[in-house]
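**Q** Here you go, this is entry07.txt (compact mmCIF, C-alpha atoms and all ligand atoms).
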# COMPACT_ATOMS: atom_id res chain seq x y z
CA MET E 1 -23.26 -2.41 15.17
CA ILE E 2 -20.72 -1.79 12.46
CA VAL E 3 -17.25 -0.66 13.50
CA SER E 4 -15.28 0.61 10.53
CA GLY E 5 -12.01 -1.16 9.89
CA SER E 6 -13.06 -4.31 11.77
CA LEU E 7 -10.84 -7.31 11.11
CA GLU E 8 -13.60 -9.89 11.82
CA LEU E 9 -14.90 -11.69 8.72
CA LYS E 10 -18.46 -11.94 10.08
CA ASP E 11 -18.62 -8.11 10.11
CA TYR E 12 -18.54 -8.09 6.30
CA MET E 13 -21.60 -10.29 5.68
CA TYR E 14 -23.32 -7.35 3.97
CA GLU E 15 -20.40 -6.87 1.57
CA MET E 16 -20.06 -10.58 0.85
CA ARG E 17 -23.78 -11.01 0.21
CA ARG E 18 -24.31 -7.77 -1.64
CA CYS E 19 -21.47 -8.24 -4.14
CA MET E 20 -23.33 -8.86 -7.41
CA ARG E 21 -20.35 -10.00 -9.49
CA CYS E 22 -20.59 -6.92 -11.67
CA ALA E 23 -16.83 -7.15 -12.34
CA SER E 24 -15.95 -3.51 -11.73
CA CYS E 25 -13.23 -4.89 -9.46
CA LYS E 26 -11.81 -6.75 -12.45
CA TRP E 27 -11.26 -4.09 -15.08
CA LEU E 28 -11.27 -0.34 -15.54
CA ASP E 29 -14.24 1.54 -16.91
CA HIS E 30 -13.85 1.46 -20.66
CA ILE E 31 -14.62 5.16 -21.05
CA TYR E 32 -11.48 5.94 -19.03
CA MET E 33 -9.32 3.25 -20.58
CA PRO E 34 -9.74 3.16 -24.32
CA ASP E 35 -6.50 1.10 -24.59
CA ASN E 36 -7.71 -2.49 -24.41
CA ARG E 37 -4.16 -3.71 -23.76
CA PHE E 38 -4.12 -2.19 -20.26
CA VAL E 39 -7.75 -2.59 -19.27
CA TYR E 40 -7.40 -4.88 -16.24
CA ARG E 41 -7.16 -3.50 -12.73
CA CYS E 42 -6.80 -6.79 -10.78
CA PRO E 43 -3.44 -8.48 -11.40
CA SER E 44 -4.66 -11.71 -9.83
CA TYR E 45 -7.56 -11.97 -12.27
CA ALA E 46 -5.46 -10.89 -15.25
CA LYS E 47 -3.01 -13.71 -14.49
CA TYR E 48 -5.29 -16.53 -13.38
CA TYR E 49 -8.80 -15.66 -14.67
CA PHE E 50 -11.87 -17.49 -13.29
CA SER E 51 -12.79 -16.40 -9.74
CA LYS E 52 -9.36 -15.19 -8.63
CA VAL E 53 -10.68 -11.68 -8.21
CA ALA E 54 -12.39 -9.81 -5.39
CA TYR E 55 -15.86 -11.21 -6.04
CA GLY E 56 -14.61 -14.80 -5.95
CA ARG E 57 -12.90 -14.11 -2.65
CA LEU E 58 -15.96 -12.40 -1.16
CA LYS E 59 -18.14 -15.39 -2.06
CA LEU E 60 -15.56 -17.74 -0.58
CA GLY E 61 -15.69 -15.70 2.64
CA LEU E 62 -19.48 -15.89 2.62
CA ALA E 63 -19.44 -19.66 2.22
CA LEU E 64 -16.97 -19.94 5.12
CA CYS E 65 -19.12 -17.72 7.36
CA GLU E 66 -22.27 -19.64 6.53
CA ASP E 67 -20.56 -22.98 7.20
CA ARG E 68 -21.17 -24.11 3.64
CA LEU E 69 -17.49 -24.80 3.12
CA THR E 70 -14.95 -26.25 5.51
CA ASP E 71 -11.69 -26.63 3.62
CA THR E 72 -10.94 -27.29 0.01
CA PRO E 73 -7.77 -27.84 -1.94
CA GLY E 74 -6.84 -24.53 -3.49
CA MET E 75 -8.67 -22.39 -0.92
CA ARG E 76 -5.38 -21.10 0.45
CA ASP E 77 -4.18 -20.12 -3.03
CA MET E 78 -7.52 -18.47 -3.72
CA VAL E 79 -7.08 -16.15 -0.72
CA PHE E 80 -3.35 -15.51 -0.88
CA GLN E 81 -2.81 -15.23 -4.65
CA CYS E 82 -3.86 -11.63 -4.11
CA LEU E 83 -1.57 -8.62 -3.86
CA MET E 84 -3.77 -6.78 -1.33
CA CYS E 85 -3.32 -3.81 -3.64
CA GLY E 86 -6.76 -2.26 -3.20
CA ALA E 87 -7.44 -1.78 -6.91
CA CYS E 88 -10.66 -3.78 -6.59
CA ASP E 89 -11.89 -1.52 -3.79
CA SER E 90 -11.54 1.62 -5.93
CA GLY E 91 -13.45 -0.15 -8.70
CA CYS E 92 -16.26 -1.41 -6.50
CA LYS E 93 -16.79 1.97 -4.90
CA ARG E 94 -17.61 3.43 -8.29
CA ASN E 95 -20.84 1.45 -7.97
CA LEU E 96 -21.66 0.12 -4.55
CA ASP E 97 -19.50 1.43 -1.70
CA LEU E 98 -18.70 -2.08 -0.50
CA GLU E 99 -15.64 -2.29 1.78
CA VAL E 100 -13.82 -4.78 -0.41
CA THR E 101 -10.28 -4.31 0.88
CA ASN E 102 -11.46 -4.56 4.49
CA SER E 103 -13.33 -7.77 3.60
CA LEU E 104 -10.22 -9.28 1.99
CA GLU E 105 -8.14 -8.32 5.04
CA ALA E 106 -10.69 -10.00 7.33
CA LEU E 107 -10.70 -13.10 5.12
CA ARG E 108 -6.91 -13.34 5.43
CA GLY E 109 -7.16 -13.01 9.20
CA HIS E 110 -9.79 -15.76 9.27
CA MET E 111 -7.54 -18.09 7.27
CA VAL E 112 -4.52 -17.29 9.46
CA GLU E 113 -6.52 -18.00 12.63
CA GLY E 114 -7.25 -21.46 11.23
CA GLY E 115 -3.55 -21.95 10.42
CA ARG E 116 -4.29 -21.92 6.70
CA PHE E 117 -1.64 -19.64 5.21
CA PRO E 118 1.30 -20.23 2.86
CA GLN E 119 4.29 -21.66 4.67
CA ALA E 120 6.47 -19.38 2.54
CA HIS E 121 5.24 -16.53 4.78
CA GLN E 122 6.53 -18.08 7.97
CA LYS E 123 10.14 -16.95 7.57
CA MET E 124 9.22 -13.26 7.38
CA ILE E 125 6.92 -13.61 10.40
CA ASP E 126 9.71 -15.29 12.40
CA ASP E 127 12.29 -12.74 11.23
CA ILE E 128 10.20 -9.80 12.40
CA ALA E 129 9.58 -11.49 15.77
CA GLY E 130 13.25 -12.38 16.20
CA SER E 131 15.38 -9.73 14.49
CA LYS E 132 12.74 -6.97 14.36
CA ASN E 133 13.17 -6.63 10.60
CA ARG E 134 11.68 -8.50 7.65
CA TYR E 135 15.00 -9.89 6.42
CA GLY E 136 16.28 -11.57 9.58
CA ALA E 137 19.34 -9.28 9.47
CA PRO E 138 21.04 -8.26 12.74
CA ALA E 139 19.00 -5.58 14.52
CA ALA E 140 22.25 -3.76 15.35
CA ASP E 141 22.91 -3.18 11.61
CA ARG E 142 19.78 -1.08 11.13
CA ALA E 143 21.55 2.31 11.06
CA LYS E 144 24.67 1.06 9.25
CA TRP E 145 23.74 3.19 6.25
CA ALA E 146 25.55 6.02 8.07
CA PRO E 147 23.22 9.01 8.40
CA VAL E 148 24.97 12.37 8.05
CA ASN E 149 22.33 14.90 9.04
CA ALA E 150 20.57 13.15 11.95
CA ALA E 151 20.45 15.11 15.22
CA ALA E 152 19.97 13.70 18.72
CA LYS E 153 16.70 15.61 19.08
CA SER E 154 14.28 17.11 16.59
CA ASP E 155 10.58 17.71 16.04
CA THR E 156 10.81 15.47 12.96
CA VAL E 157 11.48 11.73 13.19
CA TYR E 158 12.67 9.97 10.04
CA PHE E 159 11.29 6.42 10.21
CA VAL E 160 13.62 4.63 7.80
CA GLY E 161 11.89 1.23 7.51
CA CYS E 162 13.44 -2.17 6.79
CA GLY E 163 13.80 -1.68 3.01
CA ALA E 164 15.94 1.47 3.10
CA SER E 165 17.81 0.37 6.25
CA TYR E 166 19.00 -2.96 4.92
CA GLN E 167 18.36 -3.41 1.19
CA ASP E 168 18.37 -0.09 -0.62
CA GLN E 169 20.41 2.27 1.47
CA ALA E 170 20.65 4.78 -1.41
CA ILE E 171 17.08 5.76 -0.49
CA ALA E 172 18.01 6.33 3.16
CA LYS E 173 21.05 8.42 2.15
CA ALA E 174 19.00 10.48 -0.31
CA THR E 175 16.28 11.06 2.29
CA ASP E 176 18.95 12.10 4.81
CA LYS E 177 20.21 14.70 2.31
CA ILE E 178 16.71 16.05 1.60
CA LEU E 179 15.78 16.25 5.28
CA GLY E 180 19.12 17.91 6.01
CA ALA E 181 18.26 20.60 3.47
CA LEU E 182 14.82 20.97 5.02
CA GLY E 183 16.10 21.69 8.53
CA GLY E 184 17.16 18.35 9.99
CA TYR E 185 15.64 15.35 11.73
CA MET E 186 16.23 12.63 14.28
CA LEU E 187 16.10 8.85 13.94
CA MET E 188 13.75 6.84 16.13
CA PRO E 189 15.90 5.29 18.88
CA GLY E 190 15.83 1.50 18.52
CA GLU E 191 13.72 1.60 15.35
CA GLN E 192 12.03 -1.72 14.50
CA CYS E 193 9.93 -2.98 11.60
CA CYS E 194 6.63 -1.07 11.43
CA GLY E 195 4.88 -4.43 11.08
CA HIS E 196 3.45 -3.78 7.62
CA PRO E 197 4.24 -7.28 6.29
CA LEU E 198 2.41 -8.81 9.24
CA PHE E 199 -0.69 -6.76 8.47
CA ALA E 200 -0.56 -7.51 4.76
CA LEU E 201 -0.21 -11.25 5.46
CA GLY E 202 -3.16 -11.25 7.89
CA HIS E 203 -1.19 -11.84 11.11
CA TYR E 204 -2.94 -9.16 13.12
CA ASP E 205 -1.96 -10.23 16.65
CA ALA E 206 1.72 -10.05 15.77
CA PHE E 207 1.11 -6.74 13.98
CA GLN E 208 -0.54 -5.31 17.09
CA LYS E 209 2.60 -6.08 19.13
CA GLN E 210 4.81 -4.21 16.65
CA MET E 211 2.37 -1.33 16.71
CA GLU E 212 2.46 -0.97 20.50
CA VAL E 213 6.28 -0.93 20.54
CA ASN E 214 6.50 1.64 17.73
CA MET E 215 3.78 3.93 19.02
CA ALA E 216 5.44 3.99 22.46
CA ALA E 217 8.84 4.74 20.88
CA MET E 218 7.40 7.56 18.77
CA GLN E 219 5.60 9.14 21.69
CA LYS E 220 8.78 8.95 23.78
CA THR E 221 10.62 11.11 21.23
CA GLY E 222 8.10 13.92 21.78
CA ALA E 223 8.34 14.72 18.05
CA LYS E 224 5.45 16.33 16.23
CA ARG E 225 6.03 14.72 12.86
CA LEU E 226 6.99 11.30 11.50
CA VAL E 227 8.36 11.27 7.98
CA THR E 228 9.01 8.21 5.87
CA ALA E 229 10.21 7.50 2.34
CA CYS E 230 8.50 4.09 2.28
CA ALA E 231 4.90 3.78 1.11
CA GLU E 232 4.34 0.70 3.27
CA CYS E 233 5.58 2.39 6.46
CA TYR E 234 3.52 5.44 5.52
CA LYS E 235 0.27 3.50 5.25
CA THR E 236 1.03 1.60 8.45
CA TRP E 237 1.58 4.72 10.56
CA LYS E 238 -1.10 6.82 8.93
CA VAL E 239 -3.91 4.29 8.44
CA ASP E 240 -3.41 0.95 10.20
CA TYR E 241 -2.15 2.14 13.60
CA PRO E 242 -5.08 4.55 14.18
CA ARG E 243 -7.48 1.96 12.74
CA LEU E 244 -6.42 -0.68 15.26
CA ARG E 245 -6.66 1.90 18.03
CA LYS E 246 -10.19 2.85 16.89
CA ILE E 247 -9.23 6.48 16.35
CA SER E 248 -9.02 8.58 13.19
CA THR E 249 -5.72 9.57 11.58
CA SER E 250 -6.42 13.15 12.65
CA ASP E 251 -6.47 12.01 16.30
CA LEU E 252 -2.86 10.79 16.23
CA PRO E 253 -0.66 12.94 18.51
CA PHE E 254 1.76 13.51 15.61
CA GLU E 255 1.57 14.09 11.87
CA VAL E 256 2.55 11.33 9.41
CA VAL E 257 4.03 12.53 6.10
CA HIS E 258 5.71 10.96 3.10
CA ILE E 259 8.97 12.59 2.03
CA SER E 260 7.36 13.61 -1.28
CA GLU E 261 4.77 15.68 0.60
CA LEU E 262 7.43 17.42 2.65
CA ALA E 263 9.78 18.01 -0.29
CA ALA E 264 6.97 19.33 -2.52
CA GLN E 265 6.08 21.83 0.20
CA GLY E 266 9.77 22.78 0.44
CA VAL E 267 9.96 23.45 -3.31
CA LYS E 268 6.78 25.49 -3.10
CA ASP E 269 7.96 27.72 -0.26
CA GLY E 270 11.51 28.01 -1.63
CA SER E 271 13.30 26.13 1.16
CA LEU E 272 14.28 23.33 -1.25
CA VAL E 273 15.92 24.40 -4.49
CA LEU E 274 16.19 21.85 -7.31
CA LYS E 275 18.89 23.28 -9.53
CA ASN E 276 20.80 20.41 -11.15
CA LYS E 277 19.58 19.40 -14.59
CA LEU E 278 18.67 15.75 -15.23
CA ASP E 279 17.75 15.03 -18.84
CA LEU E 280 15.25 12.22 -18.37
CA LYS E 281 11.78 11.18 -19.49
CA VAL E 282 10.19 9.59 -16.43
CA ALA E 283 6.92 7.83 -15.65
CA TRP E 284 5.61 8.13 -12.08
CA HIS E 285 4.31 4.84 -10.70
CA ASP E 286 1.69 5.45 -7.99
CA PRO E 287 2.50 2.95 -5.21
CA CYS E 288 -0.72 1.36 -3.92
CA ASN E 289 0.28 2.22 -0.35
CA LEU E 290 0.99 5.87 -1.11
CA GLY E 291 -2.11 6.36 -3.24
CA ARG E 292 -5.45 4.63 -2.84
CA MET E 293 -4.53 2.67 0.32
CA SER E 294 -3.27 5.68 2.28
CA GLU E 295 -6.23 7.99 2.51
CA PRO E 296 -6.64 9.23 6.08
CA TYR E 297 -8.51 6.71 8.23
CA ARG E 298 -11.78 8.05 9.65
CA HIS E 299 -13.21 5.94 12.44
CA TRP E 300 -16.95 5.31 12.33
CA GLU E 301 -19.50 3.30 14.26
CA GLY E 302 -23.13 2.85 13.31
CA GLY E 303 -25.62 0.43 11.87
CA ARG E 304 -27.41 -0.69 8.70
CA GLY E 305 -31.07 0.09 8.29
CA LYS E 306 -33.59 -0.41 5.50
CA TRP E 307 -32.10 -1.18 2.08
CA GLY E 308 -28.72 -1.43 3.70
CA CYS E 309 -28.51 2.31 4.34
CA LEU E 310 -25.91 3.27 6.91
CA GLU E 311 -27.38 4.98 9.93
CA PRO E 312 -25.17 7.13 12.07
CA ALA E 313 -26.05 6.04 15.56
CA ASN E 314 -23.82 8.22 17.66
CA LYS E 315 -21.11 10.86 17.83
CA PHE E 316 -19.41 9.57 14.70
CA GLY E 317 -22.04 11.05 12.37
CA ALA E 318 -22.29 9.91 8.75
CA LYS E 319 -19.77 7.42 7.43
CA GLU E 320 -17.21 8.91 5.05
CA PHE E 321 -15.95 6.42 2.48
CA ASN E 322 -12.41 6.14 1.24
CA ARG E 323 -12.60 5.69 -2.51
CA GLY E 324 -8.90 5.92 -3.27
CA THR E 325 -9.02 9.43 -4.67
CA ALA E 326 -7.42 11.26 -1.72
CA GLY E 327 -4.04 9.54 -1.67
CA VAL E 328 -0.69 11.26 -2.29
CA TYR E 329 -0.85 11.89 -6.04
CA ASP E 330 0.00 15.51 -6.88
CA GLN E 331 3.11 16.07 -4.78
CA PRO E 332 5.38 13.47 -6.42
CA ARG E 333 4.31 14.63 -9.88
CA ASP E 334 4.91 18.29 -8.94
CA LEU E 335 8.32 17.43 -7.52
CA LEU E 336 9.48 15.54 -10.59
CA ALA E 337 8.22 18.32 -12.86
CA ALA E 338 10.23 20.82 -10.78
CA ILE E 339 13.55 19.12 -11.62
CA PRO E 340 15.17 20.96 -14.52
CA GLY E 341 15.25 18.77 -17.65
CA VAL E 342 12.83 16.12 -16.36
CA GLN E 343 9.77 15.35 -18.46
CA VAL E 344 6.98 13.57 -16.57
CA LEU E 345 4.84 11.10 -18.51
CA GLU E 346 1.59 9.58 -17.22
CA LEU E 347 1.21 5.82 -17.22
CA LYS E 348 -2.06 4.50 -18.61
CA ARG E 349 -3.27 3.22 -15.24
CA HIS E 350 -2.65 5.97 -12.70
CA HIS E 351 -3.92 7.58 -9.48
CA GLU E 352 -6.49 5.28 -7.81
CA PHE E 353 -6.47 3.09 -10.94
CA SER E 354 -2.75 2.38 -10.68
CA TRP E 355 -1.54 -1.16 -11.43
CA CYS E 356 0.33 -2.84 -8.55
CA CYS E 357 4.06 -3.53 -9.13
CA GLY E 358 3.55 -7.04 -7.75
CA GLY E 359 5.65 -6.60 -4.61
CA HIS E 360 2.93 -6.69 -1.98
CA GLY E 361 0.75 -8.98 0.13
CA GLY E 362 3.31 -11.77 0.58
CA VAL E 363 3.00 -12.59 -3.13
CA PRO E 364 6.75 -12.41 -4.01
CA GLU E 365 7.46 -14.88 -1.20
CA ALA E 366 4.63 -17.36 -1.86
CA TYR E 367 3.68 -16.87 -5.53
CA PRO E 368 6.68 -15.46 -7.42
CA ASP E 369 4.96 -16.21 -10.76
CA LEU E 370 2.23 -13.66 -9.94
CA ALA E 371 4.77 -11.09 -8.69
CA ALA E 372 6.79 -11.49 -11.92
CA TYR E 373 3.69 -11.24 -14.08
CA ALA E 374 2.49 -8.04 -12.38
CA VAL E 375 5.81 -6.22 -12.68
CA ASP E 376 6.25 -7.32 -16.29
CA GLU E 377 2.85 -5.87 -17.11
CA ARG E 378 3.80 -2.57 -15.47
CA LEU E 379 7.09 -2.44 -17.38
CA GLU E 380 5.15 -3.00 -20.62
CA GLU E 381 3.11 0.06 -19.70
CA VAL E 382 6.27 2.09 -19.05
CA LYS E 383 7.50 1.04 -22.49
CA ALA E 384 4.15 1.92 -24.09
CA VAL E 385 4.32 5.54 -22.90
CA GLY E 386 7.94 5.92 -24.03
CA ALA E 387 9.55 6.63 -20.63
CA GLU E 388 13.29 6.14 -20.04
CA ALA E 389 12.83 5.60 -16.31
CA VAL E 390 10.13 4.52 -13.89
CA VAL E 391 10.07 6.39 -10.58
CA SER E 392 8.30 5.39 -7.39
CA GLY E 393 8.11 6.36 -3.73
CA CYS E 394 8.69 3.00 -2.06
CA PRO E 395 11.80 0.80 -1.78
CA TYR E 396 9.72 -2.30 -2.54
CA CYS E 397 8.36 -0.92 -5.83
CA LYS E 398 11.88 -0.01 -6.92
CA GLY E 399 13.12 -3.48 -5.96
CA GLN E 400 10.31 -5.06 -7.95
CA PHE E 401 11.13 -2.98 -11.03
CA GLN E 402 14.79 -3.89 -10.80
CA ALA E 403 13.95 -7.58 -10.43
CA GLY E 404 11.45 -7.39 -13.28
CA MET E 405 14.02 -5.87 -15.62
CA ALA E 406 16.18 -9.01 -15.59
CA GLY E 407 16.02 -10.74 -18.94
CA ARG E 408 13.86 -8.10 -20.62
CA ASP E 409 14.86 -6.70 -24.02
CA HIS E 410 13.39 -3.31 -23.26
CA GLN E 411 15.38 -1.78 -20.40
CA VAL E 412 14.40 1.30 -18.43
CA GLN E 413 15.98 2.71 -15.31
CA ALA E 414 14.23 2.42 -11.94
CA PHE E 415 14.56 5.15 -9.33
CA ASP E 416 13.09 6.12 -6.04
CA ILE E 417 11.89 9.73 -6.07
CA THR E 418 14.29 10.60 -3.21
CA GLU E 419 17.27 9.70 -5.41
CA LEU E 420 16.26 12.11 -8.18
CA ILE E 421 15.47 14.90 -5.71
CA ALA E 422 18.81 14.42 -3.95
CA GLN E 423 20.63 14.52 -7.32
CA ALA E 424 18.84 17.74 -8.26
CA LEU E 425 19.62 19.53 -4.95
S1 LIG Y 1 -17.07 -4.50 -8.08
FE1 LIG Y 1 -17.87 -4.94 -6.03
S2 LIG Y 1 -19.98 -5.66 -6.41
FE2 LIG Y 1 -18.93 -5.73 -8.37
S3 LIG Y 1 -18.17 -7.83 -8.48
FE3 LIG Y 1 -16.51 -6.62 -7.63
S4 LIG Y 1 -16.71 -6.77 -5.37
FE4 LIG Y 1 -18.66 -7.48 -6.33
S1 LIG Y 2 -6.42 -6.64 -3.83
FE1 LIG Y 2 -5.54 -6.45 -5.92
S2 LIG Y 2 -4.97 -8.56 -6.50
FE2 LIG Y 2 -6.36 -8.72 -4.72
S3 LIG Y 2 -8.41 -9.01 -5.59
FE3 LIG Y 2 -8.14 -6.80 -5.27
S4 LIG Y 2 -7.33 -6.00 -7.22
FE4 LIG Y 2 -7.08 -8.24 -7.24
What's the structure tokens form of this structure?
Ligand code: SF4
Ligand code: SF4

**A**
Amino acid sequence: MIVSGSLELKDYMYEMRRCMRCASCKWLDHIYMPDNRFVYRCPSYAKYYFSKVAYGRLKLGLALCEDRLTDTPGMRDMVFQCLMCGACDSGCKRNLDLEVTNSLEALRGHMVEGGRFPQAHQKMIDDIAGSKNRYGAPAADRAKWAPVNAAAKSDTVYFVGCGASYQDQAIAKATDKILGALGGYMLMPGEQCCGHPLFALGHYDAFQKQMEVNMAAMQKTGAKRLVTACAECYKTWKVDYPRLRKISTSDLPFEVVHISELAAQGVKDGSLVLKNKLDLKVAWHDPCNLGRMSEPYRHWEGGRGKWGCLEPANKFGAKEFNRGTAGVYDQPRDLLAAIPGVQVLELKRHHEFSWCCGGHGGVPEAYPDLAAYAVDERLEEVKAVGAEAVVSGCPYCKGQFQAGMAGRDHQVQAFDITELIAQAL
């Protein structure tokens, strides 16, 4: 029996065996990317070459499952020098429909269970357990960014997240202004980390604990909608929580939306008016966790028959695959284009083929060389299209861009989309 979204490595034997090392997880189809300079999709492969790509990791997982490998020097680096960005999954599903991201997640979990994970991750794990945020900052400081428009009760909860609460409060303030213009909101009483770092690092038991606390807190508010301006929180609430509960996103008792979805709807129906002119040429960076990684989760159970065909065995019907195409792509572009004076340019790798900024998967903490390489590559792309600013929808992308700018000759500005919308209101 196959249960979609399983976190057990042995449940991905088909994927690990069937991977034929075709390398679609490594680079983009040449017909869609005539520019050879930006042809890679996997940052880990582009930096390290050899087998540090999805297929190398799948074969490593296979060898572990078949007891052909116990432990080797470098195995830990092989698994964790990966941004968990999902670019490989979108590439593989152009050919084979293998669940590559799920396999990599299960491989991480397997390594963590055996205690084989980078020690550089331990601090964040301890900080979330102790202070309930990824920085180890005092829990009591979480709402110190001074919300103006928050009400005691509302149908909309703004889940701020650790990044905007502690590190980049401009995003929280801008979101407060936008939500104020859209009719108000409430904060989640006693908000804690959503647990996203724990999931991305492969610490699923600890993640489950965060999930239970947050789901209970959300249900206690009685709100119908949870809105976030963080791509990582968005994916966690929309995809990972239902997945661990073995339900589909559509079965959640509340709606999960990114602020760009809500604001784009507001512009469309006239409740949000963007009137201030901002003369700026911007490039929209699709965050992995807002795009290809955040398609609605659809729970499925079934089996594999002849030739590996999936056989719906029960009420779940045929399996629907997530191929990265149904993420949040149009709304941020529409929003930016609606700001007077803003010209929106397309980066060369966009939508489900977007290049990761390098800020994910515990890579900045354990392998800063890979994080720096990935963001530098993205900034080269921003330069190549002639943009003056790179805009994203996640505090961690913006932080990566700002960090990556240090020491570069070619400077561009980095914004979160909420900041530009708030300026234009
Ligand atoms: S695209 Fe899929 S089948 Fe091809 S090498 Fe990568 S993981 Fe294997
Ligand atoms: S998740 Fe990203 S970094 Fe990891 S193997 Fe896939 S494409 Fe490469």

**Q** Please identify the residues whose atoms come within 10 Å of ligand LIG 1 (chain Y), using all atoms listed in the file, and report them as JSON, numbers by chain.

**A** {"E": [15, 16, 17, 18, 19, 20, 21, 22, 23, 24, 25, 26, 27, 53, 54, 55, 56, 57, 58, 59, 88, 89, 90, 91, 92, 93, 94, 95, 96, 97, 98, 99, 100, 101, 103]}

**Q** Return as a count of residues only every polymer residue, whether protein, DNA or RNA, with at least one atom no more than 6 Å from an atom of ligand LIG 2 (chain Y); count all atoms listed in the file.

**A** 12

**Q** Please compute the atom CA of E:Gly341-atom CA of E:Leu280 distance, one decimal, in Å.

**A**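 Answer for the atom CA of E:Gly341 to atom CA of E:Leu280 separation: 6.6 Å.
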
**Q** Ranking E:Thr228, E:Asn322, E:Gln210, E:Thr236 by minimum distance to E:Ser165 and counting all atoms listed in the file, which one comes first?

**A** E:Thr228

**Q** Can you work out the spacing between atom CA of E:Tyr297 and atom CA of E:Val239 in Å, to one decimal?

**A** 5.2 Å

**Q** Fewer than 6 positions away in the same chain doesn't count, so skip those; otherwise give me all residues within 12 Å of stretch 77-79 of chain E, counting all atoms listed in the file, as a ChimeraX atom specification.

**A** /E:44-45,48-61,71,103-112,116-119,201-202,361-363,366-367,370
